$ cat target.txt   # compact mmCIF, C-alpha atoms
# COMPACT_ATOMS: atom_id res chain seq x y z
CA MET A 23 37.34 151.71 -146.61
CA GLU A 24 36.75 150.92 -142.95
CA ALA A 25 33.16 150.28 -141.80
CA TYR A 26 33.55 152.75 -138.95
CA LYS A 27 34.96 156.20 -138.53
CA VAL A 28 37.36 157.52 -135.94
CA LEU A 29 36.64 160.68 -133.99
CA GLU A 30 39.03 162.59 -131.72
CA VAL A 31 36.80 163.80 -128.89
CA LYS A 32 37.68 166.77 -126.69
CA GLN A 33 36.99 167.16 -123.01
CA SER A 34 34.77 169.97 -121.77
CA VAL A 35 35.49 172.07 -118.71
CA PHE A 36 35.09 169.96 -115.61
CA ASP A 37 32.77 172.29 -113.69
CA SER A 38 29.88 172.09 -116.09
CA ASN A 39 29.95 168.34 -116.68
CA ASP A 40 26.99 167.52 -114.42
CA LYS A 41 24.90 170.14 -116.18
CA GLU A 42 25.94 168.98 -119.63
CA ALA A 43 25.21 165.38 -118.66
CA GLN A 44 21.73 166.33 -117.52
CA GLN A 45 21.08 168.24 -120.75
CA LEU A 46 22.29 165.31 -122.84
CA ARG A 47 20.01 162.95 -120.90
CA GLU A 48 17.02 165.23 -121.59
CA GLN A 49 17.91 165.30 -125.28
CA LEU A 50 18.19 161.50 -125.40
CA LYS A 51 14.73 161.21 -123.83
CA LYS A 52 13.35 163.60 -126.41
CA ASP A 53 15.00 161.65 -129.23
CA GLY A 54 14.08 158.24 -127.83
CA VAL A 55 17.68 157.04 -127.71
CA PHE A 56 18.47 154.73 -124.77
CA LEU A 57 22.16 155.29 -124.02
CA LEU A 58 23.99 152.69 -121.96
CA ASN A 59 27.43 153.52 -120.53
CA LEU A 60 29.43 150.28 -120.20
CA MET A 61 32.51 150.34 -117.98
CA SER A 62 35.08 147.80 -116.72
CA SER A 63 38.76 147.05 -116.20
CA PRO A 64 40.86 146.34 -119.27
CA GLY A 65 40.30 142.82 -120.52
CA SER A 66 37.15 141.99 -118.58
CA GLY A 67 35.21 141.26 -121.76
CA LYS A 68 33.32 144.42 -122.75
CA THR A 69 33.74 143.91 -126.48
CA THR A 70 32.92 140.18 -126.41
CA THR A 71 29.82 140.91 -124.31
CA LEU A 72 28.75 143.62 -126.75
CA LYS A 73 29.26 141.43 -129.80
CA ARG A 74 27.04 138.72 -128.33
CA THR A 75 24.47 141.27 -127.15
CA ILE A 76 24.26 142.81 -130.63
CA ALA A 77 23.79 139.39 -132.23
CA ALA A 78 20.94 138.61 -129.82
CA LEU A 79 19.09 141.93 -129.98
CA ARG A 80 19.70 143.34 -133.44
CA ASP A 81 16.38 142.08 -134.82
CA GLU A 82 14.47 143.76 -131.97
CA MET A 83 16.13 147.18 -131.97
CA LYS A 84 18.49 149.44 -133.90
CA ILE A 85 21.85 149.42 -132.16
CA GLY A 86 24.73 151.88 -132.41
CA VAL A 87 28.06 151.50 -130.59
CA MET A 88 30.65 154.10 -129.60
CA GLU A 89 34.02 152.52 -128.80
CA ALA A 90 36.14 154.79 -126.64
CA ASP A 91 39.85 154.15 -126.46
CA ILE A 92 43.06 156.01 -125.86
CA ASP A 93 44.14 155.68 -129.46
CA SER A 94 43.53 152.23 -130.97
CA ASP A 95 40.77 151.05 -133.33
CA VAL A 96 40.78 147.39 -132.27
CA ASP A 97 37.29 147.43 -130.76
CA ALA A 98 35.41 149.44 -133.40
CA LYS A 99 36.78 147.04 -135.99
CA ALA A 100 35.45 144.06 -134.00
CA ILE A 101 32.05 145.69 -133.50
CA SER A 102 31.64 146.82 -137.11
CA GLU A 103 32.16 143.20 -138.15
CA THR A 104 28.86 142.37 -136.40
CA GLY A 105 27.07 144.67 -138.83
CA ALA A 106 26.14 147.15 -136.09
CA LYS A 107 26.70 150.84 -136.61
CA ALA A 108 29.96 151.71 -134.85
CA ILE A 109 32.26 154.65 -134.28
CA GLN A 110 35.67 154.77 -132.65
CA LEU A 111 36.24 157.62 -130.19
CA HIS A 112 39.80 158.59 -129.34
CA THR A 113 40.15 160.33 -126.02
CA GLY A 114 43.64 161.68 -126.67
CA GLY A 115 45.08 160.07 -123.56
CA MET A 116 42.13 160.80 -121.25
CA CYS A 117 41.07 157.84 -119.13
CA HIS A 118 37.34 158.58 -119.27
CA LEU A 119 34.55 160.10 -121.33
CA ASP A 120 32.64 163.11 -120.06
CA ALA A 121 29.22 164.31 -121.25
CA ALA A 122 30.65 166.68 -123.89
CA MET A 123 32.78 163.91 -125.38
CA THR A 124 29.81 161.54 -125.32
CA LYS A 125 27.67 164.14 -127.10
CA GLN A 126 30.35 164.56 -129.80
CA GLY A 127 30.40 160.77 -130.11
CA LEU A 128 26.62 160.54 -130.54
CA GLU A 129 26.71 163.25 -133.19
CA GLY A 130 29.52 161.43 -134.97
CA LEU A 131 27.64 158.13 -134.77
CA GLY A 132 24.35 159.66 -135.90
CA THR A 133 21.35 158.60 -133.78
CA GLU A 134 18.47 159.20 -136.20
CA ASP A 135 18.40 155.44 -136.94
CA VAL A 136 19.45 154.23 -133.46
CA ASP A 137 17.22 153.41 -130.51
CA PHE A 138 19.82 151.61 -128.35
CA ALA A 139 23.20 153.37 -128.19
CA ILE A 140 26.07 151.89 -126.24
CA LEU A 141 29.16 153.72 -125.06
CA GLU A 142 32.03 151.32 -124.40
CA ASN A 143 34.00 153.48 -122.00
CA VAL A 144 37.80 153.36 -121.51
CA GLY A 145 38.94 150.24 -119.60
CA ASN A 146 39.39 151.67 -116.12
CA LEU A 147 37.65 151.36 -112.74
CA VAL A 148 38.54 154.83 -111.48
CA CYS A 149 38.16 157.81 -113.84
CA PRO A 150 35.03 156.77 -115.80
CA ALA A 151 33.14 156.54 -112.49
CA GLU A 152 33.88 160.20 -111.77
CA PHE A 153 32.22 161.63 -114.88
CA ASP A 154 28.52 161.44 -115.66
CA THR A 155 28.39 160.75 -119.40
CA GLY A 156 24.69 161.62 -119.68
CA ALA A 157 23.78 157.96 -120.17
CA ILE A 158 20.32 156.70 -119.23
CA LYS A 159 21.81 153.69 -117.41
CA ASN A 160 25.29 152.70 -116.26
CA ALA A 161 26.54 149.13 -116.46
CA MET A 162 29.85 147.55 -115.54
CA ILE A 163 31.53 144.24 -116.07
CA LEU A 164 33.57 142.59 -113.34
CA SER A 165 35.27 139.43 -114.56
CA VAL A 166 35.87 136.38 -112.39
CA PRO A 167 39.71 136.49 -112.74
CA GLU A 168 39.75 140.01 -111.25
CA GLY A 169 38.46 138.73 -107.92
CA HIS A 170 35.36 139.26 -105.80
CA ASP A 171 37.03 141.95 -103.66
CA LYS A 172 36.92 144.67 -106.32
CA PRO A 173 33.86 146.48 -104.85
CA LEU A 174 35.97 147.02 -101.72
CA LYS A 175 38.76 148.61 -103.73
CA TYR A 176 36.83 150.66 -106.28
CA PRO A 177 33.86 151.91 -104.23
CA LEU A 178 32.79 154.80 -106.46
CA MET A 179 32.46 152.66 -109.59
CA PHE A 180 30.26 150.12 -107.86
CA SER A 181 28.16 152.83 -106.22
CA ILE A 182 27.15 154.51 -109.51
CA VAL A 183 26.18 151.49 -111.63
CA ASP A 184 22.69 150.11 -112.18
CA VAL A 185 23.87 146.63 -113.09
CA VAL A 186 27.03 144.57 -112.57
CA LEU A 187 27.70 141.79 -115.06
CA VAL A 188 29.98 139.19 -113.50
CA ASN A 189 31.65 137.83 -116.63
CA LYS A 190 33.77 134.73 -117.40
CA ILE A 191 31.76 132.42 -115.10
CA ASP A 192 32.89 129.58 -117.39
CA VAL A 193 36.29 129.76 -115.64
CA LEU A 194 34.89 129.88 -112.08
CA PRO A 195 36.37 126.45 -111.25
CA TYR A 196 39.90 127.77 -111.84
CA PHE A 197 39.72 130.89 -109.66
CA ASP A 198 39.12 131.63 -105.98
CA PHE A 199 36.06 133.71 -106.72
CA ASP A 200 33.17 133.71 -104.24
CA MET A 201 29.95 134.80 -105.98
CA ASP A 202 28.07 135.25 -102.69
CA LYS A 203 30.79 137.51 -101.33
CA CYS A 204 30.83 139.40 -104.64
CA ARG A 205 27.08 140.09 -104.34
CA GLU A 206 27.50 141.07 -100.70
CA TYR A 207 30.32 143.54 -101.50
CA VAL A 208 28.48 145.01 -104.50
CA HIS A 209 25.38 145.54 -102.34
CA MET A 210 27.47 147.11 -99.56
CA ARG A 211 28.34 149.82 -102.09
CA ASN A 212 25.00 149.88 -103.84
CA PRO A 213 21.97 147.98 -102.51
CA LYS A 214 20.00 148.61 -105.72
CA ALA A 215 22.55 147.28 -108.20
CA GLU A 216 21.49 144.19 -110.10
CA VAL A 217 24.17 141.45 -110.24
CA ILE A 218 24.01 139.16 -113.28
CA PRO A 219 26.56 136.32 -113.66
CA ILE A 220 27.36 135.69 -117.34
CA SER A 221 29.80 134.09 -119.71
CA ALA A 222 30.02 136.19 -122.84
CA ARG A 223 32.09 133.39 -124.36
CA THR A 224 29.67 130.47 -123.81
CA GLY A 225 26.46 132.50 -123.61
CA GLU A 226 25.56 131.23 -120.14
CA GLY A 227 23.46 133.73 -118.19
CA MET A 228 23.19 136.15 -121.13
CA ASP A 229 19.39 135.82 -121.33
CA ALA A 230 19.05 137.50 -117.92
CA TRP A 231 21.16 140.38 -119.24
CA TYR A 232 19.11 140.71 -122.44
CA ASN A 233 15.93 140.72 -120.35
CA TRP A 234 17.34 143.42 -118.08
CA LEU A 235 18.05 145.52 -121.19
CA ARG A 236 14.62 144.83 -122.72
CA THR A 237 12.89 145.86 -119.47
CA GLU A 238 14.93 149.05 -119.06
CA ILE A 239 14.55 150.09 -122.69
CA LYS A 240 10.77 149.42 -122.57
CA ALA A 241 10.41 151.50 -119.39
CA PHE A 242 12.46 154.29 -121.00
CA LYS A 243 10.30 154.34 -124.12
CA GLU A 244 7.10 154.36 -122.04
CA ASN A 245 8.36 157.32 -120.01
CA GLN A 246 9.14 159.42 -123.06
CA MET B 18 46.73 148.03 -83.59
CA GLU B 19 47.24 147.49 -87.29
CA ALA B 20 50.70 146.49 -88.53
CA TYR B 21 50.69 149.26 -91.12
CA LYS B 22 49.78 152.90 -91.20
CA VAL B 23 47.61 154.77 -93.65
CA LEU B 24 48.78 157.97 -95.30
CA GLU B 25 46.69 160.42 -97.35
CA VAL B 26 49.10 161.56 -100.06
CA LYS B 27 48.67 164.81 -101.95
CA GLN B 28 49.42 165.45 -105.58
CA SER B 29 52.03 168.03 -106.55
CA VAL B 30 51.65 170.48 -109.39
CA PHE B 31 51.77 168.65 -112.69
CA ASP B 32 54.41 170.80 -114.39
CA SER B 33 57.21 169.97 -112.02
CA ASN B 34 56.61 166.23 -111.81
CA ASP B 35 59.44 165.22 -114.15
CA LYS B 36 61.86 167.35 -112.17
CA GLU B 37 60.64 166.02 -108.83
CA ALA B 38 60.86 162.47 -110.16
CA GLN B 39 64.45 163.02 -111.22
CA GLN B 40 65.33 164.51 -107.83
CA LEU B 41 63.71 161.59 -106.03
CA ARG B 42 65.65 159.13 -108.19
CA GLU B 43 68.92 160.90 -107.31
CA GLN B 44 68.03 160.73 -103.62
CA LEU B 45 67.21 157.02 -103.88
CA LYS B 46 70.61 156.40 -105.49
CA LYS B 47 72.30 158.31 -102.69
CA ASP B 48 70.37 156.34 -100.07
CA GLY B 49 70.83 152.99 -101.81
CA VAL B 50 67.10 152.32 -102.00
CA PHE B 51 66.00 150.45 -105.14
CA LEU B 52 62.44 151.59 -105.81
CA LEU B 53 60.27 149.48 -108.10
CA ASN B 54 57.00 150.90 -109.42
CA LEU B 55 54.56 148.03 -110.05
CA MET B 56 51.53 148.72 -112.23
CA SER B 57 48.64 146.71 -113.72
CA SER B 58 44.89 146.53 -114.28
CA PRO B 59 42.69 145.83 -111.28
CA GLY B 60 42.75 142.15 -110.37
CA SER B 61 45.75 141.08 -112.40
CA GLY B 62 47.55 139.81 -109.32
CA LYS B 63 49.86 142.56 -108.05
CA THR B 64 49.35 141.75 -104.37
CA THR B 65 49.63 137.98 -104.82
CA THR B 66 52.81 138.46 -106.85
CA LEU B 67 54.24 140.75 -104.17
CA LYS B 68 53.41 138.36 -101.34
CA ARG B 69 55.24 135.53 -103.09
CA THR B 70 58.15 137.79 -104.03
CA ILE B 71 58.54 138.95 -100.43
CA ALA B 72 58.51 135.37 -99.16
CA ALA B 73 61.24 134.43 -101.66
CA LEU B 74 63.54 137.42 -101.19
CA ARG B 75 63.12 138.56 -97.60
CA ASP B 76 66.22 136.72 -96.39
CA GLU B 77 68.36 138.39 -99.07
CA MET B 78 67.20 142.00 -98.73
CA LYS B 79 65.17 144.36 -96.58
CA ILE B 80 61.85 144.97 -98.29
CA GLY B 81 59.35 147.76 -97.77
CA VAL B 82 56.02 148.04 -99.60
CA MET B 83 53.83 151.05 -100.32
CA GLU B 84 50.29 150.06 -101.24
CA ALA B 85 48.51 152.79 -103.16
CA ASP B 86 44.75 152.69 -103.40
CA ILE B 87 41.83 155.05 -103.78
CA ASP B 88 40.67 154.51 -100.24
CA SER B 89 40.79 150.89 -99.08
CA ASP B 90 43.33 149.11 -96.85
CA VAL B 91 42.82 145.61 -98.26
CA ASP B 92 46.30 145.31 -99.78
CA ALA B 93 48.42 146.77 -96.96
CA LYS B 94 46.70 144.35 -94.61
CA ALA B 95 47.62 141.42 -96.89
CA ILE B 96 51.22 142.59 -97.25
CA SER B 97 51.75 143.30 -93.55
CA GLU B 98 50.73 139.70 -92.84
CA THR B 99 53.88 138.60 -94.69
CA GLY B 100 55.95 140.38 -92.06
CA ALA B 101 57.25 142.96 -94.56
CA LYS B 102 57.21 146.62 -93.68
CA ALA B 103 54.13 148.11 -95.33
CA ILE B 104 52.27 151.38 -95.59
CA GLN B 105 48.92 152.13 -97.19
CA LEU B 106 48.78 155.25 -99.35
CA HIS B 107 45.41 156.77 -100.09
CA THR B 108 45.31 158.88 -103.24
CA GLY B 109 42.04 160.62 -102.43
CA GLY B 110 40.40 159.52 -105.67
CA MET B 111 43.46 160.05 -107.91
CA CYS B 112 44.11 157.20 -110.31
CA HIS B 113 47.89 157.41 -110.13
CA LEU B 114 50.86 158.32 -107.94
CA ASP B 115 53.18 161.15 -108.92
CA ALA B 116 56.72 161.73 -107.65
CA ALA B 117 55.62 164.00 -104.79
CA MET B 118 53.11 161.42 -103.56
CA THR B 119 55.73 158.68 -103.86
CA LYS B 120 58.19 160.79 -101.85
CA GLN B 121 55.58 161.30 -99.12
CA GLY B 122 54.99 157.55 -99.17
CA LEU B 123 58.71 156.76 -98.79
CA GLU B 124 58.98 159.20 -95.89
CA GLY B 125 55.92 157.61 -94.28
CA LEU B 126 57.32 154.12 -94.82
CA GLY B 127 60.79 155.04 -93.57
CA THR B 128 63.62 153.80 -95.78
CA GLU B 129 66.55 153.74 -93.35
CA ASP B 130 66.08 149.97 -92.97
CA VAL B 131 64.90 149.26 -96.54
CA ASP B 132 67.00 148.42 -99.57
CA PHE B 133 64.21 147.22 -101.87
CA ALA B 134 61.12 149.44 -101.84
CA ILE B 135 58.06 148.56 -103.91
CA LEU B 136 55.28 150.91 -104.87
CA GLU B 137 52.11 149.01 -105.75
CA ASN B 138 50.47 151.65 -107.92
CA VAL B 139 46.70 152.10 -108.40
CA GLY B 140 45.15 149.37 -110.58
CA ASN B 141 44.92 151.17 -113.90
CA LEU B 142 46.62 150.95 -117.31
CA VAL B 143 46.24 154.62 -118.23
CA CYS B 144 47.00 157.27 -115.60
CA PRO B 145 49.95 155.63 -113.77
CA ALA B 146 51.82 155.46 -117.09
CA GLU B 147 51.61 159.24 -117.45
CA PHE B 148 53.44 160.12 -114.23
CA ASP B 149 57.06 159.34 -113.51
CA THR B 150 57.07 158.28 -109.84
CA GLY B 151 60.84 158.59 -109.52
CA ALA B 152 61.21 154.81 -109.38
CA ILE B 153 64.47 153.17 -110.46
CA LYS B 154 62.59 150.60 -112.55
CA ASN B 155 59.01 150.21 -113.77
CA ALA B 156 57.28 146.86 -113.90
CA MET B 157 53.79 145.85 -114.95
CA ILE B 158 51.65 142.77 -114.72
CA LEU B 159 49.43 141.70 -117.58
CA SER B 160 47.30 138.70 -116.67
CA VAL B 161 46.27 135.98 -119.12
CA PRO B 162 42.50 136.59 -118.74
CA GLU B 163 42.96 140.21 -119.87
CA GLY B 164 44.09 139.10 -123.32
CA HIS B 165 47.24 139.40 -125.41
CA ASP B 166 45.96 142.48 -127.27
CA LYS B 167 46.45 144.89 -124.36
CA PRO B 168 49.75 146.37 -125.67
CA LEU B 169 47.76 147.51 -128.72
CA LYS B 170 45.20 149.26 -126.54
CA TYR B 171 47.39 150.77 -123.82
CA PRO B 172 50.51 151.77 -125.75
CA LEU B 173 51.95 154.27 -123.27
CA MET B 174 51.95 151.82 -120.34
CA PHE B 175 53.80 149.16 -122.34
CA SER B 176 56.27 151.70 -123.72
CA ILE B 177 57.48 152.89 -120.29
CA VAL B 178 58.00 149.60 -118.47
CA ASP B 179 61.25 147.70 -118.08
CA VAL B 180 59.59 144.35 -117.51
CA VAL B 181 56.17 142.81 -118.20
CA LEU B 182 55.12 139.91 -115.99
CA VAL B 183 52.49 137.82 -117.77
CA ASN B 184 50.63 136.42 -114.77
CA LYS B 185 48.10 133.58 -114.30
CA ILE B 186 49.77 131.24 -116.82
CA ASP B 187 48.24 128.38 -114.80
CA VAL B 188 44.91 129.20 -116.51
CA LEU B 189 46.34 129.47 -120.06
CA PRO B 190 44.40 126.38 -121.22
CA TYR B 191 41.09 128.11 -120.48
CA PHE B 192 41.71 131.37 -122.35
CA ASP B 193 42.44 132.37 -125.95
CA PHE B 194 45.77 133.92 -125.02
CA ASP B 195 48.63 133.76 -127.50
CA MET B 196 51.97 134.21 -125.70
CA ASP B 197 53.91 134.71 -128.94
CA LYS B 198 51.54 137.47 -130.06
CA CYS B 199 51.75 138.98 -126.60
CA ARG B 200 55.55 139.18 -126.85
CA GLU B 201 55.29 140.56 -130.37
CA TYR B 202 52.85 143.30 -129.32
CA VAL B 203 54.87 144.21 -126.21
CA HIS B 204 58.02 144.51 -128.31
CA MET B 205 56.18 146.62 -130.92
CA ARG B 206 55.69 149.15 -128.13
CA ASN B 207 58.99 148.58 -126.41
CA PRO B 208 61.74 146.42 -127.93
CA LYS B 209 63.75 146.47 -124.67
CA ALA B 210 61.02 145.26 -122.33
CA GLU B 211 61.62 141.90 -120.74
CA VAL B 212 58.59 139.56 -120.84
CA ILE B 213 58.40 136.98 -118.05
CA PRO B 214 55.48 134.50 -117.91
CA ILE B 215 54.57 133.63 -114.31
CA SER B 216 51.92 132.17 -112.09
CA ALA B 217 51.96 133.97 -108.77
CA ARG B 218 49.51 131.36 -107.52
CA THR B 219 51.49 128.21 -108.36
CA GLY B 220 54.97 129.77 -108.38
CA GLU B 221 55.71 128.73 -111.98
CA GLY B 222 58.16 131.09 -113.68
CA MET B 223 58.73 133.13 -110.53
CA ASP B 224 62.45 132.28 -110.39
CA ALA B 225 63.04 134.20 -113.62
CA TRP B 226 61.35 137.21 -112.00
CA TYR B 227 63.42 136.93 -108.82
CA ASN B 228 66.57 136.70 -110.92
CA TRP B 229 65.57 139.79 -112.89
CA LEU B 230 65.13 141.65 -109.59
CA ARG B 231 68.43 140.34 -108.17
CA THR B 232 70.31 141.42 -111.31
CA GLU B 233 68.74 144.89 -111.39
CA ILE B 234 69.24 145.52 -107.68
CA LYS B 235 72.86 144.33 -107.89
CA ALA B 236 73.56 146.65 -110.87
CA PHE B 237 71.90 149.51 -108.98
CA LYS B 238 74.04 148.96 -105.88
CA GLU B 239 77.21 148.73 -107.98
CA ASN B 240 76.40 152.04 -109.70
CA GLN B 241 75.89 153.91 -106.47
$ encode --input "target.txt" --output "structure tokens"
Amino acid sequence: MEAYKVLEVKQSVFDSNDKEAQQLREQLKKDGVFLLNLMSSPGSGKTTTLKRTIAALRDEMKIGVMEADIDSDVDAKAISETGAKAIQLHTGGMCHLDAAMTKQGLEGLGTEDVDFAILENVGNLVCPAEFDTGAIKNAMILSVPEGHDKPLKYPLMFSIVDVVLVNKIDVLPYFDFDMDKCREYVHMRNPKAEVIPISARTGEGMDAWYNWLRTEIKAFKENQ
Amino acid sequence: MEAYKVLEVKQSVFDSNDKEAQQLREQLKKDGVFLLNLMSSPGSGKTTTLKRTIAALRDEMKIGVMEADIDSDVDAKAISETGAKAIQLHTGGMCHLDAAMTKQGLEGLGTEDVDFAILENVGNLVCPAEFDTGAIKNAMILSVPEGHDKPLKYPLMFSIVDVVLVNKIDVLPYFDFDMDKCREYVHMRNPKAEVIPISARTGEGMDAWYNWLRTEIKAFKENQ
């Protein structure tokens, strides 16, 4: 038997998504579940970052992960191996999760024993940015090999996130990636976004990310 | 004055896309314009690959490039600096190009003096795979930092392409990328897909890609 289940989630009607997202956010506040929506391009390191984050924080909080994908189970398998509660969401070809799908995911995961829920969104810099999932905070990963110009090309994504993790800094010497320009472009789109350089592979910079999470989750719990 | 123009392309109704794509393909055959649809994740090196390809082939054929993006002009600017004919297509938030948008792009570009037209699709492994653009051949770039497991996670994209360029092989030593597994996974999805390892930065492997293009364009012209 697999350590995770697979759920086929269905999209709601587009018009009501903002309302549904707001309702879900209220419910999460009531239930004390901090939901983080994690977005990125394919292959920028979402799953590796999550695995390391779970290992670092699992003694401090109860973590549950929803892995959204078109139709594979690769990521839920990887996450369930960490011992964290995990569920695989299949979007049936959709390139994003909306609030209704996220709600179905949370119900499938079961949040009664979760205080930090993570939605690993579909690998895509366009569609996920267009749909409010109802998450408390939105995070994205931009990896060094993708280039520092991405905020210029995917403005909406960078404008809606609270934090940008710049991953794979261990390979900075091998790429023409300018961290200062990256920060400048991110802040052009979103002056409030936090930029945290990390290497999910080596662990470099990850403490700043854990501290960002601890601070946000503490503030969320205090505002309940 | 910029060396390229910017066109806001509009989506057609979804139902008729396959028909419109087929009609566009017939028209391209009549006109002798080989249209290549190039897809990939954000930051996998589409523009760098195109710049090098244009430099290598511009004395053999007349090249025109359509750069599709949500709303930036970064890529058309880079391409027009190569001296190739270029046009920027803005999709107005859409994460793909359909056949109607591609047709508008070709009309905007002007194909009377073009025999090799390239559509650089929006950086995305999901939506562009769902819409036939009317192209003669479909190509995609998978870059080493994205990982060899991508064919498992984005099955449709890998199933519809004629050739997969595995880019950034110059950084293979710094990533856990298994080229044999990559080939195996690509061929699981699509036994006929050609897999060509390249580095658009150093030029390694690019000759195999140019030869693939020469062969396909020659076959296309002979079948006219």
$ residues_around --input "target.txt" --residues "Val166 in chain A" --least-positions-apart "2" --cutoff "7 Å" --atoms "only C-alpha atoms" --output "list in words"
Leu164, Glu168, Gly169, Val188, Asn189, Lys190, Ile191, Leu194 and Phe199 of chain A
$ interface_residues --input "target.txt" --of "chain B" --to "chain A" --cutoff "10 Å" --atoms "all atoms listed in the file" --output "PyMOL selection string"
chain B and resi 57-62+86-92+110-113+139-144+147+159-167+169-173+185+187-188+191-192
$ atom_distance --input "target.txt" --atom1 "CA of Gly86 in chain A" --atom2 "CA of Gly227 in chain A"
23.1 Å
$ residues_near_point --input "target.txt" --point "(33.8, 158.8, -132.3)" --cutoff "8 Å" --atoms "all atoms listed in the file" --output "PDB file with C-alpha atoms, in the coordinates of the input"
ATOM      1  CA  LYS A  27      34.960 156.200-138.530  1.00  0.00           C
ATOM      2  CA  VAL A  28      37.360 157.520-135.940  1.00  0.00           C
ATOM      3  CA  LEU A  29      36.640 160.680-133.990  1.00  0.00           C
ATOM      4  CA  GLU A  30      39.030 162.590-131.720  1.00  0.00           C
ATOM      5  CA  VAL A  31      36.800 163.800-128.890  1.00  0.00           C
ATOM      6  CA  MET A  88      30.650 154.100-129.600  1.00  0.00           C
ATOM      7  CA  GLU A  89      34.020 152.520-128.800  1.00  0.00           C
ATOM      8  CA  ALA A  90      36.140 154.790-126.640  1.00  0.00           C
ATOM      9  CA  ILE A 109      32.260 154.650-134.280  1.00  0.00           C
ATOM     10  CA  GLN A 110      35.670 154.770-132.650  1.00  0.00           C
ATOM     11  CA  LEU A 111      36.240 157.620-130.190  1.00  0.00           C
ATOM     12  CA  HIS A 112      39.800 158.590-129.340  1.00  0.00           C
ATOM     13  CA  GLN A 126      30.350 164.560-129.800  1.00  0.00           C
ATOM     14  CA  GLY A 127      30.400 160.770-130.110  1.00  0.00           C
ATOM     15  CA  LEU A 128      26.620 160.540-130.540  1.00  0.00           C
ATOM     16  CA  GLY A 130      29.520 161.430-134.970  1.00  0.00           C
ATOM     17  CA  LEU A 131      27.640 158.130-134.770  1.00  0.00           C
TER      18      LEU A 131
END
$ closest_residue --input "target.txt" --among "B:Asn138, B:Ser176, B:Thr64, B:Thr99" --to "Asn207 in chain B" --atoms "all atoms listed in the file"
B:Ser176
$ closest_residue --input "target.txt" --among "B:Asn240, B:Thr70, B:Thr232, B:Gln39" --to "Asp149 in chain B" --atoms "only C-alpha atoms"
B:Gln39
$ closest_residue --input "target.txt" --among "B:Leu74, B:Ala103, B:Val181, B:Leu136" --to "Ile158 in chain B" --atoms "only C-alpha atoms"
B:Val181
$ closest_residue --input "target.txt" --among "A:Val136, A:Arg80, A:Lys159, A:Ala100" --to "Gly54 in chain A" --atoms "all atoms listed in the file"
A:Val136
$ atom_distance --input "target.txt" --atom1 "CA of Glu129 in chain B" --atom2 "CA of Ile80 in chain B"
11.1 Å
$ closest_residue --input "target.txt" --among "B:Asn228, B:Ala217, B:Pro145, B:Ala116" --to "Ser33 in chain B" --atoms "all atoms listed in the file"
B:Ala116
$ atom_distance --input "target.txt" --atom1 "CA of Met179 in chain A" --atom2 "CA of Met228 in chain A"
22.2 Å
$ closest_residue --input "target.txt" --among "B:Glu233, B:Thr119, B:Leu182, B:Pro190" --to "Val212 in chain B" --atoms "only C-alpha atoms"
B:Leu182
$ decode --input "target.txt" --residues "range 213-220 of chain B" --atoms "N, CA, C and O atoms" --output "mmCIF file, in the first residue's frame"
data_model
loop_
_atom_site.group_PDB
_atom_site.id
_atom_site.type_symbol
_atom_site.label_atom_id
_atom_site.label_comp_id
_atom_site.auth_asym_id
_atom_site.auth_seq_id
_atom_site.Cartn_x
_atom_site.Cartn_y
_atom_site.Cartn_z
ATOM 1 N N ILE B 213 18.437 15.140 -28.594
ATOM 2 C CA ILE B 213 19.732 15.713 -28.984
ATOM 3 C C ILE B 213 20.307 16.532 -27.823
ATOM 4 O O ILE B 213 19.785 17.596 -27.489
ATOM 5 N N PRO B 214 21.372 16.050 -27.186
ATOM 6 C CA PRO B 214 22.013 16.816 -26.108
ATOM 7 C C PRO B 214 22.806 17.990 -26.693
ATOM 8 O O PRO B 214 23.578 17.803 -27.641
ATOM 9 N N ILE B 215 22.597 19.173 -26.144
ATOM 10 C CA ILE B 215 23.284 20.367 -26.647
ATOM 11 C C ILE B 215 23.714 21.284 -25.500
ATOM 12 O O ILE B 215 23.233 21.168 -24.374
ATOM 13 N N SER B 216 24.632 22.179 -25.816
ATOM 14 C CA SER B 216 24.851 23.346 -24.972
ATOM 15 C C SER B 216 24.758 24.562 -25.881
ATOM 16 O O SER B 216 25.661 24.813 -26.692
ATOM 17 N N ALA B 217 23.672 25.306 -25.732
ATOM 18 C CA ALA B 217 23.508 26.502 -26.565
ATOM 19 C C ALA B 217 24.544 27.551 -26.185
ATOM 20 O O ALA B 217 24.863 28.429 -26.971
ATOM 21 N N ARG B 218 25.090 27.440 -24.982
ATOM 22 C CA ARG B 218 26.099 28.408 -24.550
ATOM 23 C C ARG B 218 27.460 28.120 -25.176
ATOM 24 O O ARG B 218 28.088 28.998 -25.735
ATOM 25 N N THR B 219 27.898 26.839 -25.118
ATOM 26 C CA THR B 219 29.230 26.527 -25.641
ATOM 27 C C THR B 219 29.198 26.094 -27.103
ATOM 28 O O THR B 219 30.225 26.078 -27.768
ATOM 29 N N GLY B 220 28.022 25.676 -27.579
ATOM 30 C CA GLY B 220 27.909 25.208 -28.964
ATOM 31 C C GLY B 220 28.015 23.700 -29.103
ATOM 32 O O GLY B 220 27.741 23.150 -30.182
#
